[in-house]
Amino acid sequence: MQDFTQEFIIALKLVGTGDPELWAIVLLSLKVSVLAVIISALIGMPLGAGLAVGRFPGRRVLIVLINALMGLPPVVVGLLVYLMLSRSGPLGVLQLLYTPTAMIIAQVVLVTPIIAALTRQVVEMLATEYDEQLRSLGVSRLSSVPVLLWDGRLALMTALLAGFGRAIAEVGAVIIVGGNINHVTRVMTTTIALETSKGNLALALALGAILISLAVSVTGAVSVLSLRGERQGVGHA
């Protein structure tokens with residue numbers, strides 16, 4: 001018990017004193033996850049909105065497919081991205097394997113279905129609610145997308161935060177394509193796994209505390225945004 005207490009004390013010191021190695025890992029984690037969420041949003045939001053308002057053959061199949069992709073096993077995603085980026089793969093010439101870019105690609109594959117599916121639900125609900133108004137104004141389905149996205153911005157922020165939560169906590173895919181290289185691709189989750197296996201609990205605990213704080217902050221932000229959205233809904237009613 002005394003040993004664990006000492007490890008906790010060292011972990012607190014690492015966080016409190018701004019240990020360079022610790023915060024370099026944290027900053028890389030945030031950089032990779034934020035960029036992955038931004039790219040996923042640029043892909044997933046238009047895709048989700050298009051599925052919500054569009055009417056075309058195969059639409060239902062695409063919706064089912066995107067919903068299914070939300071549950072993709074991270075290690076399988078990591079393996080597929082690895083095969084694509086490996087030297088003998090179709091994108092091997094880009095030499096992206098074991099770089100932060102490879103980790104971003106893996107996270108984009110995981111996060112995009114989440115953002116697309118949640119966006120579709122939000123936009124589809126709003127399209128049904130405002131259908132008569134939009135038709136009376138002569139607004140086409142496609143033209144209504146920017147309006148619906150803006151009106152559902154709080155709910156869409158929730159989707160982005162959900163995607164960020166998935167990305168920042170990911171370990172399986174990023175360790176396969178990133179290689180967990182020190183000062184290059186070592187992020188919070190992969191470092192926690194490595195340092196725990198080595199018995200360096202202080203660094204693992206410090207990073208775990210920061211990761212939990214981020215998770216709690218994201219959950220809190222989602223709750224606040226959901227509450228604000230409900231209040232606005234009541235106000236509109």
# chains A, B, ... in the order shown; residues from 1 in each chain; ligands from 1
call {"tool": "select_by_dssp", "arguments": {"residues": "region 4-230 of chain A", "states": "alpha helix (DSSP H)", "output": "MDAnalysis selection string"}}
result
chainID A and resid 4:16 20:53 59:69 74:85 100:129 131:136 145:151 153:168 172:178 188:198 201:230
call {"tool": "residues_around", "arguments": {"residues": "region 58-63 of chain A", "least_positions_apart": "2", "cutoff": "12 Å", "atoms": "only C-alpha atoms", "output": "list of chain:residue names"}}
result
A:Leu47, A:Gly48, A:Ala49, A:Gly50, A:Leu51, A:Ala52, A:Val53, A:Gly54, A:Arg55, A:Phe56, A:Leu65, A:Ile66, A:Asn67, A:Ala68, A:Leu69, A:Met70, A:Pro113, A:Ile114, A:Ala116, A:Ala117, A:Leu118, A:Thr119, A:Arg120, A:Gln121, A:Glu124
call {"tool": "closest_atom_pairs", "arguments": {"of": "region 127-176 of chain A", "to": "region 191-207 of chain A", "cutoff": "12 Å", "atoms": "only C-alpha atoms", "output": "CSV"}}
result
residue,atom,partner,partner_atom,distance
A:Ala169,CA,A:Ile192,CA,11.0
A:Glu170,CA,A:Ala193,CA,11.5
A:Val171,CA,A:Ala193,CA,8.6
A:Gly172,CA,A:Ala193,CA,10.4
A:Val174,CA,A:Thr191,CA,11.3
A:Ile175,CA,A:Thr191,CA,9.6
call {"tool": "atom_distance", "arguments": {"atom1": "CA of Val75 (chain A)", "atom2": "CA of Ala173 (chain A)"}}
result
4.9 Å
call {"tool": "atom_distance", "arguments": {"atom1": "CA of Ser29 (chain A)", "atom2": "CA of Ala102 (chain A)"}}
result
13.1 Å
call {"tool": "decode", "arguments": {"residues": "region 168-183 of chain A", "atoms": "N, CA, C and O atoms", "output": "tab-separated table (two decimals), in the first residue's frame"}}
result
chain	number	residue	atom	x	y	z
A	168	ILE	N	-9.91	10.29	-28.28
A	168	ILE	CA	-8.89	10.52	-27.27
A	168	ILE	C	-8.65	9.28	-26.41
A	168	ILE	O	-7.55	9.09	-25.86
A	169	ALA	N	-9.68	8.41	-26.32
A	169	ALA	CA	-9.55	7.20	-25.49
A	169	ALA	C	-9.09	5.99	-26.29
A	169	ALA	O	-8.94	4.90	-25.74
A	170	GLU	N	-8.82	6.16	-27.59
A	170	GLU	CA	-8.49	5.03	-28.44
A	170	GLU	C	-7.05	4.55	-28.20
A	170	GLU	O	-6.13	5.34	-28.04
A	171	VAL	N	-6.88	3.23	-28.18
A	171	VAL	CA	-5.55	2.67	-27.99
A	171	VAL	C	-5.22	1.60	-29.02
A	171	VAL	O	-4.12	1.56	-29.56
A	172	GLY	N	-6.19	0.72	-29.33
A	172	GLY	CA	-5.92	-0.41	-30.20
A	172	GLY	C	-5.45	-0.03	-31.59
A	172	GLY	O	-4.42	-0.53	-32.08
A	173	ALA	N	-6.18	0.88	-32.23
A	173	ALA	CA	-5.84	1.25	-33.61
A	173	ALA	C	-4.57	2.09	-33.67
A	173	ALA	O	-3.70	1.87	-34.53
A	174	VAL	N	-4.43	3.04	-32.74
A	174	VAL	CA	-3.28	3.96	-32.83
A	174	VAL	C	-1.96	3.27	-32.49
A	174	VAL	O	-0.91	3.66	-33.02
A	175	ILE	N	-2.01	2.26	-31.65
A	175	ILE	CA	-0.75	1.58	-31.32
A	175	ILE	C	-0.29	0.71	-32.49
A	175	ILE	O	0.91	0.50	-32.69
A	176	ILE	N	-1.24	0.23	-33.31
A	176	ILE	CA	-0.87	-0.59	-34.47
A	176	ILE	C	-0.26	0.28	-35.57
A	176	ILE	O	0.78	-0.05	-36.13
A	177	VAL	N	-0.89	1.40	-35.88
A	177	VAL	CA	-0.41	2.24	-37.00
A	177	VAL	C	0.62	3.26	-36.55
A	177	VAL	O	1.38	3.79	-37.38
A	178	GLY	N	0.65	3.57	-35.24
A	178	GLY	CA	1.62	4.56	-34.76
A	178	GLY	C	2.89	3.94	-34.22
A	178	GLY	O	3.95	4.56	-34.23
A	179	GLY	N	2.79	2.72	-33.70
A	179	GLY	CA	3.97	2.03	-33.20
A	179	GLY	C	4.42	2.44	-31.82
A	179	GLY	O	5.38	1.90	-31.29
A	180	ASN	N	3.74	3.43	-31.21
A	180	ASN	CA	4.07	3.86	-29.85
A	180	ASN	C	5.54	4.27	-29.73
A	180	ASN	O	6.25	3.87	-28.79
A	181	ILE	N	6.02	5.06	-30.70
A	181	ILE	CA	7.42	5.49	-30.73
A	181	ILE	C	7.60	6.71	-29.83
A	181	ILE	O	6.88	7.70	-29.97
A	182	ASN	N	8.56	6.65	-28.95
A	182	ASN	CA	8.81	7.72	-27.99
A	182	ASN	C	9.11	9.05	-28.71
A	182	ASN	O	9.93	9.09	-29.63
A	183	HIS	N	8.43	10.10	-28.26
A	183	HIS	CA	8.59	11.46	-28.80
A	183	HIS	C	8.13	11.59	-30.25
A	183	HIS	O	8.40	12.60	-30.90
